[in-house]
$ cat data_21.pdb   # PDB, C-alpha atoms, pLDDT in the B column
ATOM      1  CA  MET A  22      88.629  16.733 -52.740  1.00 56.00           C
ATOM      2  CA  VAL A  23      87.269  14.297 -50.192  1.00 67.00           C
ATOM      3  CA  GLY A  24      89.174  14.085 -46.909  1.00 72.00           C
ATOM      4  CA  PRO A  25      90.211  10.878 -45.117  1.00 74.00           C
ATOM      5  CA  ALA A  26      87.116  10.844 -42.896  1.00 77.00           C
ATOM      6  CA  CYS A  27      84.930  10.456 -45.993  1.00 82.00           C
ATOM      7  CA  TRP A  28      87.000   7.888 -47.859  1.00 75.00           C
ATOM      8  CA  PRO A  29      84.948   4.926 -46.546  1.00 71.00           C
ATOM      9  CA  LEU A  30      81.691   6.561 -47.692  1.00 74.00           C
ATOM     10  CA  GLU A  31      83.162   7.636 -51.024  1.00 72.00           C
ATOM     11  CA  ALA A  32      84.492   4.099 -51.553  1.00 67.00           C
ATOM     12  CA  VAL A  33      80.986   2.646 -51.483  1.00 59.00           C
ATOM     13  CA  GLY A  34      80.107   5.212 -54.150  1.00 57.00           C
ATOM     14  CA  THR A  35      76.721   3.818 -55.005  1.00 53.00           C
ATOM     15  CA  LEU A  36      75.912   3.292 -51.325  1.00 59.00           C
ATOM     16  CA  GLY A  37      77.050  -0.294 -51.203  1.00 55.00           C
ATOM     17  CA  GLY A  38      75.050  -1.252 -54.250  1.00 59.00           C
ATOM     18  CA  ALA A  39      71.757  -0.208 -52.659  1.00 67.00           C
ATOM     19  CA  GLU A  40      69.337   0.539 -55.486  1.00 70.00           C
ATOM     20  CA  PRO A  41      67.431   3.802 -55.080  1.00 77.00           C
ATOM     21  CA  ALA A  42      63.658   3.496 -54.972  1.00 79.00           C
ATOM     22  CA  ASP A  43      63.386   6.962 -56.554  1.00 79.00           C
ATOM     23  CA  ALA A  44      64.701   7.062 -60.138  1.00 77.00           C
ATOM     24  CA  ARG A  45      65.827  10.681 -59.703  1.00 79.00           C
ATOM     25  CA  TYR A  46      68.640   9.381 -57.464  1.00 78.00           C
ATOM     26  CA  PHE A  47      70.118   6.735 -59.821  1.00 72.00           C
ATOM     27  CA  THR A  48      73.049   9.075 -60.519  1.00 71.00           C
ATOM     28  CA  PRO A  49      73.008  11.436 -57.538  1.00 76.00           C
ATOM     29  CA  SER A  50      75.214  14.435 -57.055  1.00 81.00           C
ATOM     30  CA  LEU A  51      77.096  13.852 -53.791  1.00 83.00           C
ATOM     31  CA  ARG A  52      78.662  16.360 -51.420  1.00 87.00           C
ATOM     32  CA  TYR A  53      80.720  14.956 -48.542  1.00 89.00           C
ATOM     33  CA  ILE A  54      81.034  16.569 -45.121  1.00 90.00           C
ATOM     34  CA  ALA A  55      83.494  15.136 -42.615  1.00 88.00           C
ATOM     35  CA  GLY A  56      82.767  14.965 -38.922  1.00 87.00           C
ATOM     36  CA  PRO A  57      84.885  17.052 -36.536  1.00 84.00           C
ATOM     37  CA  VAL A  58      87.458  14.230 -36.225  1.00 82.00           C
ATOM     38  CA  PRO A  59      88.085  11.409 -38.735  1.00 77.00           C
ATOM     39  CA  ALA A  60      86.752   8.733 -36.375  1.00 80.00           C
ATOM     40  CA  ALA A  61      83.410  10.559 -36.135  1.00 85.00           C
ATOM     41  CA  GLY A  62      82.492   9.640 -39.699  1.00 87.00           C
ATOM     42  CA  CYS A  63      81.095  11.464 -42.689  1.00 91.00           C
ATOM     43  CA  VAL A  64      77.811  12.657 -44.140  1.00 93.00           C
ATOM     44  CA  ALA A  65      76.998  12.614 -47.841  1.00 90.00           C
ATOM     45  CA  ILE A  66      74.307  14.930 -49.135  1.00 91.00           C
ATOM     46  CA  ALA A  67      72.750  13.272 -52.186  1.00 88.00           C
ATOM     47  CA  THR A  68      70.680  15.314 -54.605  1.00 87.00           C
ATOM     48  CA  PRO A  69      69.240  14.125 -57.918  1.00 86.00           C
ATOM     49  CA  GLY A  70      71.717  14.274 -60.773  1.00 78.00           C
ATOM     50  CA  GLY A  71      71.296  15.648 -64.247  1.00 75.00           C
ATOM     51  CA  GLY A  72      69.695  18.935 -63.201  1.00 77.00           C
ATOM     52  CA  ILE A  73      66.578  17.191 -61.889  1.00 81.00           C
ATOM     53  CA  GLN A  74      64.985  18.811 -58.851  1.00 85.00           C
ATOM     54  CA  GLY A  75      64.468  16.921 -55.621  1.00 85.00           C
ATOM     55  CA  PRO A  76      65.062  17.169 -51.885  1.00 90.00           C
ATOM     56  CA  PRO A  77      68.446  16.224 -50.411  1.00 91.00           C
ATOM     57  CA  ALA A  78      68.991  12.816 -48.881  1.00 92.00           C
ATOM     58  CA  TYR A  79      71.486  12.555 -46.017  1.00 94.00           C
ATOM     59  CA  ILE A  80      73.632   9.437 -45.744  1.00 92.00           C
ATOM     60  CA  LEU A  81      75.773   8.993 -42.642  1.00 93.00           C
ATOM     61  CA  GLU A  82      78.781   6.690 -42.379  1.00 90.00           C
ATOM     62  CA  ARG A  83      79.981   5.854 -38.881  1.00 89.00           C
ATOM     63  CA  PHE A  84      82.351   3.056 -37.961  1.00 86.00           C
ATOM     64  CA  GLY A  85      81.965   1.466 -41.387  1.00 82.00           C
ATOM     65  CA  VAL A  86      78.166   1.403 -41.334  1.00 88.00           C
ATOM     66  CA  VAL A  87      76.205   3.377 -43.948  1.00 89.00           C
ATOM     67  CA  LEU A  88      72.918   4.767 -42.583  1.00 93.00           C
ATOM     68  CA  ALA A  89      69.952   6.659 -44.032  1.00 94.00           C
ATOM     69  CA  ALA A  90      70.046   9.848 -41.948  1.00 96.00           C
ATOM     70  CA  ASN A  91      66.809  11.603 -42.924  1.00 96.00           C
ATOM     71  CA  ALA A  92      63.327  10.776 -44.189  1.00 96.00           C
ATOM     72  CA  VAL A  93      64.301  11.366 -47.822  1.00 94.00           C
ATOM     73  CA  ALA A  94      67.207   8.904 -47.586  1.00 93.00           C
ATOM     74  CA  ARG A  95      64.938   6.310 -45.975  1.00 94.00           C
ATOM     75  CA  GLN A  96      62.503   6.671 -48.892  1.00 92.00           C
ATOM     76  CA  VAL A  97      65.156   6.676 -51.613  1.00 89.00           C
ATOM     77  CA  TRP A  98      67.236   3.820 -50.157  1.00 88.00           C
ATOM     78  CA  PRO A  99      64.777   1.742 -48.101  1.00 90.00           C
ATOM     79  CA  ASN A 100      67.279  -1.114 -47.780  1.00 88.00           C
ATOM     80  CA  LEU A 101      69.804   1.018 -45.879  1.00 90.00           C
ATOM     81  CA  PRO A 102      69.540   0.831 -42.096  1.00 94.00           C
ATOM     82  CA  ALA A 103      67.970   3.944 -40.577  1.00 96.00           C
ATOM     83  CA  ALA A 104      70.052   6.229 -38.407  1.00 96.00           C
ATOM     84  CA  SER A 105      68.851   6.743 -34.852  1.00 97.00           C
ATOM     85  CA  PRO A 106      67.352  10.137 -33.960  1.00 97.00           C
ATOM     86  CA  GLN A 107      70.639  11.013 -32.248  1.00 96.00           C
ATOM     87  CA  GLU A 108      72.611  10.081 -35.379  1.00 95.00           C
ATOM     88  CA  GLU A 109      70.211  12.118 -37.534  1.00 96.00           C
ATOM     89  CA  ARG A 110      70.790  15.164 -35.300  1.00 95.00           C
ATOM     90  CA  LEU A 111      74.543  14.587 -35.483  1.00 93.00           C
ATOM     91  CA  ALA A 112      74.456  14.489 -39.301  1.00 93.00           C
ATOM     92  CA  ALA A 113      72.258  17.597 -39.438  1.00 93.00           C
ATOM     93  CA  SER A 114      74.633  19.472 -37.123  1.00 93.00           C
ATOM     94  CA  TRP A 115      77.644  18.673 -39.351  1.00 92.00           C
ATOM     95  CA  ILE A 116      75.708  19.851 -42.387  1.00 91.00           C
ATOM     96  CA  ALA A 117      74.652  23.070 -40.628  1.00 91.00           C
ATOM     97  CA  LEU A 118      78.264  23.847 -39.668  1.00 87.00           C
ATOM     98  CA  ALA A 119      79.786  23.014 -43.058  1.00 81.00           C
ATOM     99  CA  PRO A 120      81.005  25.860 -45.223  1.00 73.00           C
ATOM    100  CA  VAL A 121      78.759  26.729 -48.126  1.00 60.00           C
ATOM    101  CA  THR A 122      80.304  25.789 -51.447  1.00 56.00           C
ATOM    102  CA  ALA A 123      79.428  27.207 -54.821  1.00 43.00           C
ATOM    103  CA  GLY A 124      78.142  24.642 -57.178  1.00 44.00           C
TER     104      GLY A 124
END
$ encode --input "data_21.pdb" --output "structure tokens"
Amino acid sequence: MVGPACWPLEAVGTLGGAEPADARYFTPSLRYIAGPVPAAGCVAIATPGGGIQGPPAYILERFGVVLAANAVARQVWPNLPAASPQEERLAASWIALAPVTAG
């Protein structure tokens, strides 16, 4: 279940209609990680769907803006604005602190 902090990112679902440049990500598997407080935002970890292998793309939502938060996300969704280095570190820190889930 996605918490309130991630509802804005989940609502865009297909990342605001941004078409992925990498076909492996047309139907990505998404895992949402909320920031420490709802206003901080949310990170989605996108991996290729359908059992296809590929590196994770990190998508950060802050204050209603969806950002590509790592190099993979910038390659897969080149039309998304890029997160700043500080925002990339923030997203990575939330991911590092998130509990591991079986999947």
$ atom_distance --input "data_21.pdb" --atom1 "CA of Val87 in chain A" --atom2 "CA of Gly75 in chain A"
21.4 Å
$ closest_residue --input "data_21.pdb" --among "A:Ala78, A:Ala42, A:Leu51, A:Ala60" --to "Ala26 in chain A" --atoms "all atoms listed in the file"
A:Ala60
$ resolve_selection --input "data_21.pdb" --expression "the PyMOL selection byres ((chain A and resi 43) around 12)" --output "PDB file with C-alpha atoms, in the frame of the given file"
ATOM      1  CA  ALA A  39      71.757  -0.208 -52.659  1.00 67.00           C
ATOM      2  CA  GLU A  40      69.337   0.539 -55.486  1.00 70.00           C
ATOM      3  CA  PRO A  41      67.431   3.802 -55.080  1.00 77.00           C
ATOM      4  CA  ALA A  42      63.658   3.496 -54.972  1.00 79.00           C
ATOM      5  CA  ALA A  44      64.701   7.062 -60.138  1.00 77.00           C
ATOM      6  CA  ARG A  45      65.827  10.681 -59.703  1.00 79.00           C
ATOM      7  CA  TYR A  46      68.640   9.381 -57.464  1.00 78.00           C
ATOM      8  CA  PHE A  47      70.118   6.735 -59.821  1.00 72.00           C
ATOM      9  CA  THR A  48      73.049   9.075 -60.519  1.00 71.00           C
ATOM     10  CA  PRO A  49      73.008  11.436 -57.538  1.00 76.00           C
ATOM     11  CA  THR A  68      70.680  15.314 -54.605  1.00 87.00           C
ATOM     12  CA  PRO A  69      69.240  14.125 -57.918  1.00 86.00           C
ATOM     13  CA  GLY A  70      71.717  14.274 -60.773  1.00 78.00           C
ATOM     14  CA  ILE A  73      66.578  17.191 -61.889  1.00 81.00           C
ATOM     15  CA  GLY A  75      64.468  16.921 -55.621  1.00 85.00           C
ATOM     16  CA  PRO A  76      65.062  17.169 -51.885  1.00 90.00           C
ATOM     17  CA  ALA A  78      68.991  12.816 -48.881  1.00 92.00           C
ATOM     18  CA  VAL A  93      64.301  11.366 -47.822  1.00 94.00           C
ATOM     19  CA  ALA A  94      67.207   8.904 -47.586  1.00 93.00           C
ATOM     20  CA  ARG A  95      64.938   6.310 -45.975  1.00 94.00           C
ATOM     21  CA  GLN A  96      62.503   6.671 -48.892  1.00 92.00           C
ATOM     22  CA  VAL A  97      65.156   6.676 -51.613  1.00 89.00           C
ATOM     23  CA  TRP A  98      67.236   3.820 -50.157  1.00 88.00           C
ATOM     24  CA  PRO A  99      64.777   1.742 -48.101  1.00 90.00           C
TER      25      PRO A  99
END
$ residues_around --input "data_21.pdb" --residues "Ala55 in chain A" --least-positions-apart "5" --cutoff "9 Å" --atoms "all atoms listed in the file" --output "ChimeraX atom specification"
/A:23-27,61-65,115,119
$ write_last_selection --input "data_21.pdb" --atoms "C-alpha atoms" --output "PDB file, keeping the file's coordinate frame"
ATOM      1  CA  VAL A  23      87.269  14.297 -50.192  1.00 67.00           C
ATOM      2  CA  GLY A  24      89.174  14.085 -46.909  1.00 72.00           C
ATOM      3  CA  PRO A  25      90.211  10.878 -45.117  1.00 74.00           C
ATOM      4  CA  ALA A  26      87.116  10.844 -42.896  1.00 77.00           C
ATOM      5  CA  CYS A  27      84.930  10.456 -45.993  1.00 82.00           C
ATOM      6  CA  ALA A  61      83.410  10.559 -36.135  1.00 85.00           C
ATOM      7  CA  GLY A  62      82.492   9.640 -39.699  1.00 87.00           C
ATOM      8  CA  CYS A  63      81.095  11.464 -42.689  1.00 91.00           C
ATOM      9  CA  VAL A  64      77.811  12.657 -44.140  1.00 93.00           C
ATOM     10  CA  ALA A  65      76.998  12.614 -47.841  1.00 90.00           C
ATOM     11  CA  TRP A 115      77.644  18.673 -39.351  1.00 92.00           C
ATOM     12  CA  ALA A 119      79.786  23.014 -43.058  1.00 81.00           C
TER      13      ALA A 119
END
$ closest_residue --input "data_21.pdb" --among "A:Gln74, A:Ser114, A:Ser105, A:Ser50" --to "Ala92 in chain A" --atoms "all atoms listed in the file"
A:Ser105
$ closest_residue --input "data_21.pdb" --among "A:Gly56, A:Pro120, A:Pro29, A:Pro106" --to "Asn91 in chain A" --atoms "only C-alpha atoms"
A:Pro106
$ resolve_selection --input "data_21.pdb" --expression "the PyMOL selection byres ((chain A and resi 108) around 10)" --output "VMD selection string"
chain A and resid 81 to 83 88 to 91 103 to 107 109 to 114
$ atom_distance --input "data_21.pdb" --atom1 "CA of Leu101 in chain A" --atom2 "CA of Ile116 in chain A"
20.0 Å
$ atom_distance --input "data_21.pdb" --atom1 "CA of Tyr53 in chain A" --atom2 "CA of Tyr79 in chain A"
9.9 Å
$ closest_residue --input "data_21.pdb" --among "A:Gly85, A:Pro77, A:Pro102, A:Ala117" --to "Pro59 in chain A" --atoms "all atoms listed in the file"
A:Gly85
